[in-house]
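Data file: run_10.pdb. Format and content: PDB, C-alpha atoms.
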ATOM      1  CA  MET A   1      13.473 -11.727  16.780
ATOM      2  CA  GLN A   2      10.034 -10.696  17.830
ATOM      3  CA  ILE A   3       6.971 -10.486  15.604
ATOM      4  CA  GLU A   4       4.914  -7.349  16.182
ATOM      5  CA  ARG A   5       1.413  -6.829  14.810
ATOM      6  CA  TYR A   6      -0.301  -3.469  14.270
ATOM      7  CA  GLU A   7      -3.987  -2.651  13.959
ATOM      8  CA  THR A   8      -4.920  -6.292  14.420
ATOM      9  CA  GLY A   9      -8.484  -7.457  13.917
ATOM     10  CA  ASN A  10     -10.177 -10.849  13.818
ATOM     11  CA  ARG A  11      -9.086 -11.553  10.269
ATOM     12  CA  MET A  12      -5.792  -9.759   9.767
ATOM     13  CA  SER A  13      -3.276  -7.170  10.892
ATOM     14  CA  GLN A  14      -2.721  -4.042   8.852
ATOM     15  CA  ALA A  15       1.039  -4.347   9.410
ATOM     16  CA  VAL A  16       3.435  -6.964  10.769
ATOM     17  CA  THR A  17       7.100  -6.403  11.545
ATOM     18  CA  TYR A  18       9.780  -9.068  11.764
ATOM     19  CA  GLY A  19      13.514  -9.213  11.163
ATOM     20  CA  GLY A  20      13.909  -5.602  10.110
ATOM     21  CA  PHE A  21      10.993  -5.674   7.668
ATOM     22  CA  VAL A  22       7.421  -4.428   7.699
ATOM     23  CA  PHE A  23       4.746  -6.248   5.717
ATOM     24  CA  LEU A  24       1.565  -4.289   5.028
ATOM     25  CA  ALA A  25      -1.782  -5.866   4.283
ATOM     26  CA  GLY A  26      -3.287  -4.856   0.970
ATOM     27  CA  GLN A  27      -4.637  -1.348   1.503
ATOM     28  CA  VAL A  28      -7.868  -0.125  -0.055
ATOM     29  CA  ALA A  29      -9.474   3.311   0.063
ATOM     30  CA  ILE A  30     -11.558   2.790   3.203
ATOM     31  CA  ASP A  31     -12.047   6.567   3.412
ATOM     32  CA  ALA A  32     -12.880   7.011  -0.290
ATOM     33  CA  PRO A  33     -14.982   4.035  -1.491
ATOM     34  CA  GLY A  34     -16.498   4.631  -4.903
ATOM     35  CA  ALA A  35     -14.225   7.622  -5.585
ATOM     36  CA  SER A  36     -12.104   7.976  -8.706
ATOM     37  CA  VAL A  37      -8.946   5.893  -9.134
ATOM     38  CA  ARG A  38      -6.837   8.994  -8.466
ATOM     39  CA  GLU A  39      -8.717   9.775  -5.250
ATOM     40  CA  GLN A  40      -8.572   6.165  -4.087
ATOM     41  CA  THR A  41      -4.848   5.966  -4.823
ATOM     42  CA  THR A  42      -4.257   9.195  -2.875
ATOM     43  CA  ASN A  43      -6.204   7.811   0.089
ATOM     44  CA  ILE A  44      -4.340   4.500   0.008
ATOM     45  CA  LEU A  45      -0.909   6.126  -0.188
ATOM     46  CA  ALA A  46      -1.750   8.302   2.832
ATOM     47  CA  ARG A  47      -2.742   5.129   4.729
ATOM     48  CA  ILE A  48       0.507   3.438   3.668
ATOM     49  CA  THR A  49       2.595   6.429   4.780
ATOM     50  CA  ARG A  50       0.895   6.397   8.190
ATOM     51  CA  LEU A  51       1.375   2.637   8.641
ATOM     52  CA  LEU A  52       5.028   2.838   7.622
ATOM     53  CA  GLU A  53       5.677   5.688  10.046
ATOM     54  CA  ASN A  54       3.880   3.817  12.860
ATOM     55  CA  THR A  55       6.159   0.811  12.327
ATOM     56  CA  GLY A  56       9.441   2.715  12.109
ATOM     57  CA  SER A  57       9.715   2.950   8.337
ATOM     58  CA  ASN A  58       8.893   5.456   5.604
ATOM     59  CA  PRO A  59       8.281   5.567   1.825
ATOM     60  CA  THR A  60      12.030   5.750   1.046
ATOM     61  CA  ARG A  61      12.404   2.275   2.608
ATOM     62  CA  ILE A  62       9.846   0.468   0.402
ATOM     63  CA  LEU A  63      11.372  -2.610  -1.194
ATOM     64  CA  SER A  64       8.392  -4.061  -3.035
ATOM     65  CA  ALA A  65       4.891  -2.982  -4.029
ATOM     66  CA  THR A  66       2.060  -4.988  -5.527
ATOM     67  CA  ILE A  67      -0.816  -3.031  -7.019
ATOM     68  CA  TRP A  68      -4.139  -4.541  -8.005
ATOM     69  CA  LEU A  69      -6.472  -2.579 -10.279
ATOM     70  CA  ALA A  70     -10.105  -3.510 -10.848
ATOM     71  CA  ASP A  71      -9.670  -2.211 -14.411
ATOM     72  CA  ILE A  72      -6.203  -2.104 -15.972
ATOM     73  CA  SER A  73      -7.322   0.795 -18.187
ATOM     74  CA  SER A  74      -6.982   2.976 -15.047
ATOM     75  CA  PHE A  75      -3.222   2.248 -14.957
ATOM     76  CA  GLU A  76      -2.231   5.782 -16.038
ATOM     77  CA  ASP A  77      -4.551   7.473 -13.517
ATOM     78  CA  MET A  78      -3.106   5.396 -10.688
ATOM     79  CA  ASN A  79       0.455   6.013 -11.921
ATOM     80  CA  ALA A  80      -0.090   9.791 -11.986
ATOM     81  CA  VAL A  81      -0.638   9.721  -8.212
ATOM     82  CA  TRP A  82       1.946   6.999  -7.515
ATOM     83  CA  ASP A  83       4.704   8.785  -9.463
ATOM     84  CA  ALA A  84       4.144  12.019  -7.505
ATOM     85  CA  TRP A  85       4.245  10.110  -4.185
ATOM     86  CA  VAL A  86       7.311   7.872  -4.643
ATOM     87  CA  PRO A  87      10.394   9.690  -3.325
ATOM     88  CA  SER A  88      12.929  10.569  -6.003
ATOM     89  CA  ASP A  89      15.466   7.768  -6.576
ATOM     90  CA  HIS A  90      13.570   5.393  -4.234
ATOM     91  CA  ALA A  91      11.274   3.508  -6.613
ATOM     92  CA  PRO A  92      10.624  -0.021  -5.301
ATOM     93  CA  ALA A  93      10.342  -3.252  -7.239
ATOM     94  CA  ARG A  94       6.712  -3.264  -8.354
ATOM     95  CA  ALA A  95       4.046  -5.345 -10.052
ATOM     96  CA  THR A  96       0.648  -4.107 -11.213
ATOM     97  CA  VAL A  97      -2.126  -6.460 -12.287
ATOM     98  CA  GLU A  98      -5.839  -6.416 -12.989
ATOM     99  CA  ALA A  99      -7.944  -8.324 -10.467
ATOM    100  CA  ARG A 100     -11.385  -8.463  -8.950
ATOM    101  CA  LEU A 101     -11.136  -6.622  -5.632
ATOM    102  CA  ALA A 102     -13.006  -7.153  -2.335
ATOM    103  CA  GLY A 103     -15.976  -5.047  -3.425
ATOM    104  CA  PRO A 104     -17.134  -3.013  -6.407
ATOM    105  CA  GLU A 105     -16.564   0.226  -4.471
ATOM    106  CA  PHE A 106     -12.799  -0.357  -4.597
ATOM    107  CA  SER A 107     -10.758   0.270  -7.754
ATOM    108  CA  VAL A 108      -7.239   0.000  -6.321
ATOM    109  CA  GLU A 109      -5.459  -2.108  -3.701
ATOM    110  CA  ILE A 110      -1.780  -1.761  -2.781
ATOM    111  CA  GLY A 111       0.423  -4.109  -0.757
ATOM    112  CA  ILE A 112       3.872  -3.069   0.498
ATOM    113  CA  ILE A 113       7.006  -4.671   1.961
ATOM    114  CA  ALA A 114       9.523  -2.218   3.423
ATOM    115  CA  ALA A 115      12.674  -2.148   5.500
ATOM    116  CA  ILE A 116      12.443  -0.705   8.991
ATOM    117  CA  GLY A 117      14.674   2.262   9.749
ATOM    118  CA  SER A 118      15.200   5.785   8.585
TER     119      SER A 118
END
Rewrite the structure from the file as structure tokens, please.
Amino acid sequence: MQIERYETGNRMSQAVTYGGFVFLAGQVAIDAPGASVREQTTNILARITRLLENTGSNPTRILSATIWLADISSFEDMNAVWDAWVPSDHAPARATVEARLAGPEFSVEIGIIAAIGS
């Protein structure tokens, strides 16, 4: 089996595929820093959808999600966007925790593991 890396930089790849799985790096709202939790979550989920599609997967194939919130009190705001995005009957295993993120401009970070295929 071959390892394939996508959008690779000096420090990390945004996605890596191996053995029928795609592993996404934690995604932050690069296009919406400092925006509300809802706006950041929307931006992140669009990035995740694009990465999944580029690696031969899609949101119905997500197996696991880890969500980090800078402030756990924003849990409901993030969930409002997440719940509208997750395809019906395809909710992944998920954990959500409060953590200090890479910079104060980011309120949400989401990491995904998904199966490749349609």
Please write as a count of residues only the full residue list that the PyMOL selection byres ((chain A and resi 62-75) around 10) yields on this file. 50
Enumerate, as a count of residues only, the residues matched when the PyMOL selection byres ((chain A and resi 5) around 8) is run on the file above. 10
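Distances from A:Thr42, A:Glu53, A:Ala84, A:Arg47 to A:Ala25 were compared using all atoms listed in the file, and the smallest one belongs to A:Arg47.
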Output of the PyMOL selection byres ((chain A and resi 29) around 6), listed as an NGL selection string: :A and (28 or 30-33 or 40 or 43-44)
For the residues in the current selection, export C-alpha atoms as a PDB file, keeping the file's coordinate frame.
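Saved to result.pdb:
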ATOM      1  CA  VAL A  28      -7.868  -0.125  -0.055  1.00  0.00           C
ATOM      2  CA  ILE A  30     -11.558   2.790   3.203  1.00  0.00           C
ATOM      3  CA  ASP A  31     -12.047   6.567   3.412  1.00  0.00           C
ATOM      4  CA  ALA A  32     -12.880   7.011  -0.290  1.00  0.00           C
ATOM      5  CA  PRO A  33     -14.982   4.035  -1.491  1.00  0.00           C
ATOM      6  CA  GLN A  40      -8.572   6.165  -4.087  1.00  0.00           C
ATOM      7  CA  ASN A  43      -6.204   7.811   0.089  1.00  0.00           C
ATOM      8  CA  ILE A  44      -4.340   4.500   0.008  1.00  0.00           C
TER       9      ILE A  44
END
Mind filling out stretch 6-24 of chain A with N, CA and C atoms and sending it as a PDB file, in the coordinates of the input?
ATOM      1  N   TYR A   6       0.289  -4.793  14.120  1.00  0.00           N
ATOM      2  CA  TYR A   6      -0.301  -3.469  14.270  1.00  0.00           C
ATOM      3  C   TYR A   6      -1.706  -3.465  13.687  1.00  0.00           C
ATOM      4  N   GLU A   7      -2.596  -2.778  14.402  1.00  0.00           N
ATOM      5  CA  GLU A   7      -3.987  -2.651  13.959  1.00  0.00           C
ATOM      6  C   GLU A   7      -4.561  -4.029  13.620  1.00  0.00           C
ATOM      7  N   THR A   8      -4.498  -4.906  14.599  1.00  0.00           N
ATOM      8  CA  THR A   8      -4.920  -6.292  14.420  1.00  0.00           C
ATOM      9  C   THR A   8      -6.426  -6.442  14.670  1.00  0.00           C
ATOM     10  N   GLY A   9      -7.070  -7.139  13.779  1.00  0.00           N
ATOM     11  CA  GLY A   9      -8.484  -7.457  13.917  1.00  0.00           C
ATOM     12  C   GLY A   9      -8.650  -8.961  13.942  1.00  0.00           C
ATOM     13  N   ASN A  10      -9.887  -9.412  13.811  1.00  0.00           N
ATOM     14  CA  ASN A  10     -10.177 -10.849  13.818  1.00  0.00           C
ATOM     15  C   ASN A  10      -9.564 -11.574  12.634  1.00  0.00           C
ATOM     16  N   ARG A  11      -9.510 -10.909  11.508  1.00  0.00           N
ATOM     17  CA  ARG A  11      -9.086 -11.553  10.269  1.00  0.00           C
ATOM     18  C   ARG A  11      -7.633 -11.303   9.916  1.00  0.00           C
ATOM     19  N   MET A  12      -7.139 -10.107  10.221  1.00  0.00           N
ATOM     20  CA  MET A  12      -5.792  -9.759   9.767  1.00  0.00           C
ATOM     21  C   MET A  12      -5.249  -8.570  10.539  1.00  0.00           C
ATOM     22  N   SER A  13      -3.952  -8.360  10.382  1.00  0.00           N
ATOM     23  CA  SER A  13      -3.276  -7.170  10.892  1.00  0.00           C
ATOM     24  C   SER A  13      -2.983  -6.269   9.707  1.00  0.00           C
ATOM     25  N   GLN A  14      -3.030  -4.967   9.926  1.00  0.00           N
ATOM     26  CA  GLN A  14      -2.721  -4.042   8.852  1.00  0.00           C
ATOM     27  C   GLN A  14      -1.225  -3.999   8.565  1.00  0.00           C
ATOM     28  N   ALA A  15      -0.411  -4.309   9.584  1.00  0.00           N
ATOM     29  CA  ALA A  15       1.039  -4.347   9.410  1.00  0.00           C
ATOM     30  C   ALA A  15       1.630  -5.362  10.376  1.00  0.00           C
ATOM     31  N   VAL A  16       2.694  -6.019   9.935  1.00  0.00           N
ATOM     32  CA  VAL A  16       3.435  -6.964  10.769  1.00  0.00           C
ATOM     33  C   VAL A  16       4.916  -6.683  10.560  1.00  0.00           C
ATOM     34  N   THR A  17       5.663  -6.588  11.655  1.00  0.00           N
ATOM     35  CA  THR A  17       7.100  -6.403  11.545  1.00  0.00           C
ATOM     36  C   THR A  17       7.815  -7.646  12.044  1.00  0.00           C
ATOM     37  N   TYR A  18       8.944  -7.926  11.377  1.00  0.00           N
ATOM     38  CA  TYR A  18       9.780  -9.068  11.764  1.00  0.00           C
ATOM     39  C   TYR A  18      11.116  -8.928  11.049  1.00  0.00           C
ATOM     40  N   GLY A  19      12.185  -9.148  11.770  1.00  0.00           N
ATOM     41  CA  GLY A  19      13.514  -9.213  11.163  1.00  0.00           C
ATOM     42  C   GLY A  19      13.923  -7.988  10.375  1.00  0.00           C
ATOM     43  N   GLY A  20      13.509  -6.814  10.810  1.00  0.00           N
ATOM     44  CA  GLY A  20      13.909  -5.602  10.110  1.00  0.00           C
ATOM     45  C   GLY A  20      13.033  -5.233   8.929  1.00  0.00           C
ATOM     46  N   PHE A  21      11.908  -5.940   8.772  1.00  0.00           N
ATOM     47  CA  PHE A  21      10.993  -5.674   7.668  1.00  0.00           C
ATOM     48  C   PHE A  21       9.598  -5.389   8.198  1.00  0.00           C
ATOM     49  N   VAL A  22       8.835  -4.634   7.427  1.00  0.00           N
ATOM     50  CA  VAL A  22       7.421  -4.428   7.699  1.00  0.00           C
ATOM     51  C   VAL A  22       6.640  -4.897   6.477  1.00  0.00           C
ATOM     52  N   PHE A  23       5.620  -5.691   6.744  1.00  0.00           N
ATOM     53  CA  PHE A  23       4.746  -6.248   5.717  1.00  0.00           C
ATOM     54  C   PHE A  23       3.368  -5.629   5.914  1.00  0.00           C
ATOM     55  N   LEU A  24       2.884  -4.894   4.924  1.00  0.00           N
ATOM     56  CA  LEU A  24       1.565  -4.289   5.028  1.00  0.00           C
ATOM     57  C   LEU A  24       0.532  -5.152   4.337  1.00  0.00           C
TER      58      LEU A  24
END
